[in-house]
Amino acid sequence: MQPRRQPLTAPGPGGPRPAAPLLALLLLLALQGAAAAAVPAGSGGPEDSGWRQDTELPRGLLQQAARAALHFFNFRAGSPSALRVLAAVQQGRAWINSKKECKVDLVFTTERYNPEEGEERFGKCSARVFFRNEKPRPAINVTCTRFIEKSKRQQEDYRLYKHMKQLKTPLDVVSIPDSHGHIDPSLRPIWDLAFLGSSYVMWEKTTQFSHYYVAQLRSVKQWKTNDDAIDFDYTVLLHEFSTQEMIPCHVHLVWYPSKPLKVKYHCQGLQTPEEASGTEEGSAVAPTELSNF
């Protein structure tokens with residue numbers, strides 16, 4: 001008999017592409033118009049007193065901000081068919097204050113995580129990222145151009161969903177990739193979904209000086225539920241680049257196409273001033289579909 005659990009209820013679904021010469025301008029205008037909602041109250045904007053432009057950017061700061069913005073974007077989008085990874089940072093600038101907090105405005109290109117032959121692979125994003133010194137979970141506002149049509153994205157998501165729902169036996173996998181670094185094509189959907197859920201964990205744990213990437217999934221177990229959502233648990237090994245730590249996080253994910261993604265997690269790792277117990281827990285629901293997707 002397959003294990004059953006009371007499911008978390010999975011709660012639900014953007015505009016013409018601007019002309020190419022206006023693309024960067026529109027992205028920056030959209031960012032500026034929404035920036036107040038992304039930065040915590042009282043933190044002020046770059047032009048406020050107490051902030052000064054950092055003319056000597058720390059090495060890797062713009063890339064760090066771009067990665068954090070993409071983790072946040074992937075989680076909010078909630079679509080395994082439209083996952084993005086960083087291609088290149090095009091431009092950016094930063095401000096710091098007396099508390100050593102850092103505010104970054106940047107424009108960067110992205111690449112589709114699983115591009116298909118002959119389709120457009122690259123897109124562009126602009127973001128404002130606010131690092132609270134060495135604290136995790138930077139405040140982010142990000143705007144990206146669409147490079148996969150909404151209808152195609154929905155079709156691909158539903159095809160993945162249907163494949164997982166039609167499995168006669170729910171997935172129960174030891175590790176992805178295997179010991180040889182290979183991901184079986186039949187397990188690619190679960191890898192993509194887990195990467196999507198792990199984006200939330202990586203955003204929450206990111207600081208100005210630490211960033212994470214998915215190294216491996218372990219103990220993947222899909223649950224049979226009485227509702228329509230995909231519901232599964234997995235342990236993800238997150239590679240933290242500055243320390244070379246492998247941090248295990250147990251994640252519970254609930255997903256249904258075009259609905260908000262639900263994530264709960266618990267991580268074990270080194271103690272920090274913000275994590276006195278050496279563990280970290282969190283949960284979230286992606287609140288809305290991004291209108292600029």
# chains A, B, ... in the order shown; residues from 1 in each chain; ligands from 1

call {"tool": "closest_atom_pairs", "arguments": {"of": "range 95-177 of chain A", "to": "range 252-260 of chain A", "cutoff": "9 Å", "atoms": "only C-alpha atoms", "output": "tab-separated table"}}
result
residue	atom	partner	partner_atom	distance
A:Gln154	CA	A:Pro257	CA	7.1
A:Asp157	CA	A:Pro257	CA	5.9
A:Tyr158	CA	A:Pro257	CA	6.1
A:Tyr161	CA	A:Pro257	CA	7.1

call {"tool": "write_last_selection", "arguments": {"atoms": "all heavy atoms", "output": "compact mmCIF listing (two decimals), in the first residue's frame"}}
result
# COMPACT_ATOMS: atom_id res chain seq x y z
N GLN A 154 2.31 26.72 -20.38
CA GLN A 154 1.23 26.00 -19.71
C GLN A 154 1.10 24.58 -20.25
O GLN A 154 0.87 23.64 -19.48
CB GLN A 154 -0.08 26.76 -19.88
CG GLN A 154 -0.14 28.06 -19.11
CD GLN A 154 -1.40 28.86 -19.38
OE1 GLN A 154 -2.00 28.76 -20.45
NE2 GLN A 154 -1.80 29.67 -18.42
N ASP A 157 4.02 22.54 -18.81
CA ASP A 157 3.79 22.26 -17.40
C ASP A 157 2.73 21.18 -17.22
O ASP A 157 2.87 20.28 -16.39
CB ASP A 157 3.35 23.53 -16.67
CG ASP A 157 4.51 24.45 -16.35
OD1 ASP A 157 5.67 24.04 -16.51
OD2 ASP A 157 4.25 25.61 -15.95
N TYR A 158 1.67 21.26 -18.01
CA TYR A 158 0.60 20.27 -17.87
C TYR A 158 1.07 18.90 -18.33
O TYR A 158 0.68 17.88 -17.74
CB TYR A 158 -0.64 20.69 -18.66
CG TYR A 158 -1.80 19.74 -18.43
CD1 TYR A 158 -2.51 19.76 -17.22
CD2 TYR A 158 -2.18 18.81 -19.40
CE1 TYR A 158 -3.55 18.88 -16.99
CE2 TYR A 158 -3.22 17.93 -19.18
CZ TYR A 158 -3.91 17.97 -17.97
OH TYR A 158 -4.94 17.10 -17.74
N TYR A 161 2.99 17.56 -15.49
CA TYR A 161 2.04 17.21 -14.43
C TYR A 161 1.33 15.89 -14.74
O TYR A 161 1.22 15.00 -13.88
CB TYR A 161 1.02 18.34 -14.28
CG TYR A 161 -0.19 17.99 -13.46
CD1 TYR A 161 -0.15 18.02 -12.07
CD2 TYR A 161 -1.38 17.61 -14.08
CE1 TYR A 161 -1.27 17.68 -11.32
CE2 TYR A 161 -2.49 17.28 -13.35
CZ TYR A 161 -2.44 17.31 -11.97
OH TYR A 161 -3.54 16.97 -11.23

call {"tool": "select_by_dssp", "arguments": {"residues": "range 35-282 of chain A", "states": "strand (DSSP E)", "output": "PyMOL selection string"}}
result
chain A and resi 51-53+84-97+102-112+122-131+139-144+172-176+212-223+230-240+245-255+262-268+279-282

call {"tool": "closest_residue", "arguments": {"among": "A:Arg121, A:Lys100, A:Lys224, A:Lys135", "to": "Thr206 in chain A", "atoms": "only C-alpha atoms"}}
result
A:Lys135

call {"tool": "closest_residue", "arguments": {"among": "A:Ala215, A:Leu61, A:Val220, A:Leu70", "to": "Leu238 in chain A", "atoms": "only C-alpha atoms"}}
result
A:Ala215

call {"tool": "residues_around", "arguments": {"residues": "Ser175 in chain A", "least_positions_apart": "2", "cutoff": "7 Å", "atoms": "only C-alpha atoms", "output": "PDB file with N, CA, C and O atoms, in the first residue's frame"}}
result
ATOM      1  N   VAL A 173      12.843   7.497  -5.007  1.00  0.00           N
ATOM      2  CA  VAL A 173      14.166   7.460  -5.623  1.00  0.00           C
ATOM      3  C   VAL A 173      15.233   7.762  -4.581  1.00  0.00           C
ATOM      4  O   VAL A 173      15.053   8.627  -3.712  1.00  0.00           O
ATOM      5  N   PRO A 177      21.356  13.474  -9.327  1.00  0.00           N
ATOM      6  CA  PRO A 177      21.802  12.426 -10.250  1.00  0.00           C
ATOM      7  C   PRO A 177      22.306  11.196  -9.488  1.00  0.00           C
ATOM      8  O   PRO A 177      22.504  11.243  -8.259  1.00  0.00           O
ATOM      9  N   ASP A 178      22.572  10.113 -10.236  1.00  0.00           N
ATOM     10  CA  ASP A 178      23.115   8.912  -9.596  1.00  0.00           C
ATOM     11  C   ASP A 178      24.598   9.106  -9.301  1.00  0.00           C
ATOM     12  O   ASP A 178      25.153  10.200  -9.492  1.00  0.00           O
ATOM     13  N   GLN A 216      22.590  17.760  -5.500  1.00  0.00           N
ATOM     14  CA  GLN A 216      22.002  16.426  -5.621  1.00  0.00           C
ATOM     15  C   GLN A 216      20.701  16.358  -4.836  1.00  0.00           C
ATOM     16  O   GLN A 216      20.506  17.071  -3.846  1.00  0.00           O
ATOM     17  N   LEU A 217      19.785  15.504  -5.307  1.00  0.00           N
ATOM     18  CA  LEU A 217      18.565  15.188  -4.569  1.00  0.00           C
ATOM     19  C   LEU A 217      18.713  13.801  -3.967  1.00  0.00           C
ATOM     20  O   LEU A 217      19.248  12.888  -4.601  1.00  0.00           O
ATOM     21  N   ARG A 218      18.210  13.657  -2.756  1.00  0.00           N
ATOM     22  CA  ARG A 218      18.223  12.356  -2.095  1.00  0.00           C
ATOM     23  C   ARG A 218      16.860  12.077  -1.490  1.00  0.00           C
ATOM     24  O   ARG A 218      16.128  12.986  -1.130  1.00  0.00           O
ATOM     25  N   SER A 219      16.550  10.797  -1.373  1.00  0.00           N
ATOM     26  CA  SER A 219      15.318  10.362  -0.695  1.00  0.00           C
ATOM     27  C   SER A 219      14.089  11.075  -1.248  1.00  0.00           C
ATOM     28  O   SER A 219      13.308  11.678  -0.513  1.00  0.00           O
TER      29      SER A 219
END

call {"tool": "select_by_dssp", "arguments": {"residues": "range 93-236 of chain A", "states": "helix (DSSP H, G or I)", "output": "PyMOL selection string"}}
result
chain A and resi 150-165+185-205

call {"tool": "write_last_selection", "arguments": {"atoms": "N, CA, C and O atoms", "output": "compact mmCIF listing (two decimals), in the first residue's frame"}}
result
# COMPACT_ATOMS: atom_id res chain seq x y z
N LYS A 150 3.18 32.09 -23.08
CA LYS A 150 2.39 31.61 -21.95
C LYS A 150 1.68 30.30 -22.28
O LYS A 150 1.69 29.36 -21.48
N SER A 151 1.08 30.22 -23.46
CA SER A 151 0.35 29.01 -23.82
C SER A 151 1.28 27.80 -23.91
O SER A 151 0.92 26.70 -23.46
N LYS A 152 2.49 28.01 -24.46
CA LYS A 152 3.44 26.90 -24.57
C LYS A 152 3.93 26.49 -23.19
O LYS A 152 4.07 25.28 -22.90
N ARG A 153 4.18 27.46 -22.34
CA ARG A 153 4.62 27.14 -20.97
C ARG A 153 3.56 26.32 -20.25
O ARG A 153 3.87 25.33 -19.57
N GLN A 154 2.31 26.72 -20.38
CA GLN A 154 1.23 26.00 -19.71
C GLN A 154 1.10 24.58 -20.25
O GLN A 154 0.87 23.64 -19.48
N GLN A 155 1.27 24.41 -21.57
CA GLN A 155 1.21 23.07 -22.16
C GLN A 155 2.32 22.18 -21.63
O GLN A 155 2.09 21.01 -21.30
N GLU A 156 3.53 22.73 -21.55
CA GLU A 156 4.66 21.93 -21.08
C GLU A 156 4.49 21.58 -19.60
O GLU A 156 4.81 20.46 -19.18
N ASP A 157 4.02 22.54 -18.81
CA ASP A 157 3.79 22.26 -17.40
C ASP A 157 2.73 21.18 -17.22
O ASP A 157 2.87 20.28 -16.39
N TYR A 158 1.67 21.26 -18.01
CA TYR A 158 0.60 20.27 -17.87
C TYR A 158 1.07 18.90 -18.33
O TYR A 158 0.68 17.88 -17.74
N ARG A 159 1.91 18.85 -19.38
CA ARG A 159 2.44 17.57 -19.82
C ARG A 159 3.29 16.93 -18.73
O ARG A 159 3.20 15.71 -18.48
N LEU A 160 4.11 17.72 -18.05
CA LEU A 160 4.91 17.22 -16.93
C LEU A 160 4.00 16.74 -15.80
O LEU A 160 4.19 15.66 -15.23
N TYR A 161 2.99 17.56 -15.49
CA TYR A 161 2.04 17.21 -14.43
C TYR A 161 1.33 15.89 -14.74
O TYR A 161 1.22 15.00 -13.88
N LYS A 162 0.85 15.74 -15.98
CA LYS A 162 0.12 14.54 -16.37
C LYS A 162 1.00 13.31 -16.28
O LYS A 162 0.56 12.23 -15.83
N HIS A 163 2.27 13.45 -16.70
CA HIS A 163 3.21 12.34 -16.63
C HIS A 163 3.36 11.85 -15.18
O HIS A 163 3.32 10.65 -14.91
N MET A 164 3.51 12.79 -14.25
CA MET A 164 3.72 12.40 -12.86
C MET A 164 2.45 11.83 -12.24
O MET A 164 2.50 10.92 -11.41
N LYS A 165 1.30 12.36 -12.62
CA LYS A 165 0.05 11.86 -12.07
C LYS A 165 -0.31 10.47 -12.58
O LYS A 165 -1.01 9.71 -11.91
N PRO A 185 16.27 10.23 -18.02
CA PRO A 185 15.24 11.11 -18.60
C PRO A 185 13.89 11.01 -17.90
O PRO A 185 13.15 12.00 -17.81
N SER A 186 13.56 9.83 -17.39
CA SER A 186 12.27 9.67 -16.70
C SER A 186 12.22 10.43 -15.39
O SER A 186 11.14 10.70 -14.86
N LEU A 187 13.41 10.77 -14.85
CA LEU A 187 13.47 11.48 -13.58
C LEU A 187 13.67 12.99 -13.78
O LEU A 187 13.71 13.73 -12.79
N ARG A 188 13.80 13.43 -15.03
CA ARG A 188 14.03 14.85 -15.28
C ARG A 188 12.89 15.72 -14.75
O ARG A 188 13.16 16.80 -14.18
N PRO A 189 11.62 15.32 -14.88
CA PRO A 189 10.54 16.15 -14.33
C PRO A 189 10.67 16.39 -12.84
O PRO A 189 10.45 17.51 -12.36
N ILE A 190 11.02 15.35 -12.08
CA ILE A 190 11.12 15.51 -10.64
C ILE A 190 12.32 16.39 -10.29
O ILE A 190 12.28 17.19 -9.34
N TRP A 191 13.41 16.29 -11.07
CA TRP A 191 14.58 17.15 -10.86
C TRP A 191 14.20 18.61 -11.08
O TRP A 191 14.55 19.48 -10.30
N ASP A 192 13.47 18.88 -12.17
CA ASP A 192 13.08 20.26 -12.48
C ASP A 192 12.15 20.82 -11.40
O ASP A 192 12.28 21.98 -11.00
N LEU A 193 11.21 20.02 -10.93
CA LEU A 193 10.31 20.48 -9.87
C LEU A 193 11.07 20.74 -8.58
O LEU A 193 10.82 21.72 -7.87
N ALA A 194 12.01 19.85 -8.27
CA ALA A 194 12.80 20.04 -7.05
C ALA A 194 13.70 21.26 -7.17
O ALA A 194 13.89 22.00 -6.19
N PHE A 195 14.25 21.51 -8.35
CA PHE A 195 15.05 22.72 -8.58
C PHE A 195 14.19 23.95 -8.36
O PHE A 195 14.62 24.94 -7.76
N LEU A 196 12.94 23.89 -8.81
CA LEU A 196 12.01 25.00 -8.63
C LEU A 196 11.77 25.26 -7.14
O LEU A 196 11.87 26.40 -6.67
N GLY A 197 11.45 24.22 -6.38
CA GLY A 197 11.24 24.38 -4.94
C GLY A 197 12.49 24.82 -4.21
O GLY A 197 12.43 25.63 -3.28
N SER A 198 13.63 24.30 -4.64
CA SER A 198 14.89 24.65 -3.99
C SER A 198 15.28 26.09 -4.26
O SER A 198 16.07 26.68 -3.50
N SER A 199 14.73 26.70 -5.31
CA SER A 199 15.00 28.11 -5.58
C SER A 199 14.57 28.98 -4.41
O SER A 199 15.23 29.96 -4.07
N TYR A 200 13.44 28.62 -3.80
CA TYR A 200 12.98 29.37 -2.63
C TYR A 200 13.97 29.23 -1.48
O TYR A 200 14.32 30.21 -0.81
N VAL A 201 14.44 28.01 -1.24
CA VAL A 201 15.39 27.78 -0.15
C VAL A 201 16.67 28.56 -0.39
O VAL A 201 17.21 29.20 0.52
N MET A 202 17.17 28.52 -1.63
CA MET A 202 18.43 29.21 -1.93
C MET A 202 18.29 30.72 -1.79
O MET A 202 19.21 31.39 -1.32
N TRP A 203 17.16 31.27 -2.21
CA TRP A 203 16.93 32.71 -2.02
C TRP A 203 16.92 33.06 -0.53
O TRP A 203 17.55 34.03 -0.10
N GLU A 204 16.24 32.26 0.26
CA GLU A 204 16.14 32.56 1.70
C GLU A 204 17.48 32.47 2.40
O GLU A 204 17.72 33.16 3.38
N LYS A 205 18.38 31.63 1.92
CA LYS A 205 19.66 31.44 2.58
C LYS A 205 20.76 32.33 2.03
O LYS A 205 21.81 32.49 2.65

call {"tool": "closest_residue", "arguments": {"among": "A:His250, A:Lys264, A:Lys103, A:Lys221", "to": "Trp51 in chain A", "atoms": "only C-alpha atoms"}}
result
A:Lys103

call {"tool": "residues_around", "arguments": {"residues": "Val129 in chain A", "least_positions_apart": "3", "cutoff": "6 Å", "atoms": "only C-alpha atoms", "output": "compact mmCIF listing (two decimals) with all heavy atoms, in the first residue's frame"}}
result
# COMPACT_ATOMS: atom_id res chain seq x y z
N LYS A 103 22.80 47.94 -1.60
CA LYS A 103 21.67 48.00 -2.53
C LYS A 103 22.23 47.96 -3.94
O LYS A 103 23.12 48.73 -4.28
CB LYS A 103 20.90 49.29 -2.28
CG LYS A 103 19.46 49.27 -2.72
CD LYS A 103 18.76 50.53 -2.26
CE LYS A 103 18.78 50.62 -0.74
NZ LYS A 103 18.01 51.80 -0.28
N VAL A 104 21.71 47.05 -4.76
CA VAL A 104 22.27 46.83 -6.10
C VAL A 104 21.17 46.97 -7.15
O VAL A 104 20.11 46.36 -7.02
CB VAL A 104 22.91 45.43 -6.21
CG1 VAL A 104 23.57 45.26 -7.58
CG2 VAL A 104 23.92 45.20 -5.10
N ALA A 139 15.97 41.41 0.07
CA ALA A 139 14.74 41.95 -0.52
C ALA A 139 14.98 42.16 -2.01
O ALA A 139 16.02 42.68 -2.41
CB ALA A 139 14.37 43.26 0.15
N ILE A 140 14.02 41.75 -2.83
CA ILE A 140 14.24 41.73 -4.27
C ILE A 140 13.02 42.24 -5.02
O ILE A 140 11.89 41.90 -4.69
CB ILE A 140 14.57 40.29 -4.74
CG1 ILE A 140 15.95 39.86 -4.21
CG2 ILE A 140 14.56 40.19 -6.27
CD1 ILE A 140 16.27 38.42 -4.44

call {"tool": "atom_distance", "arguments": {"atom1": "CA of Thr109 in chain A", "atom2": "CA of Phe122 in chain A"}}
result
6.7 Å
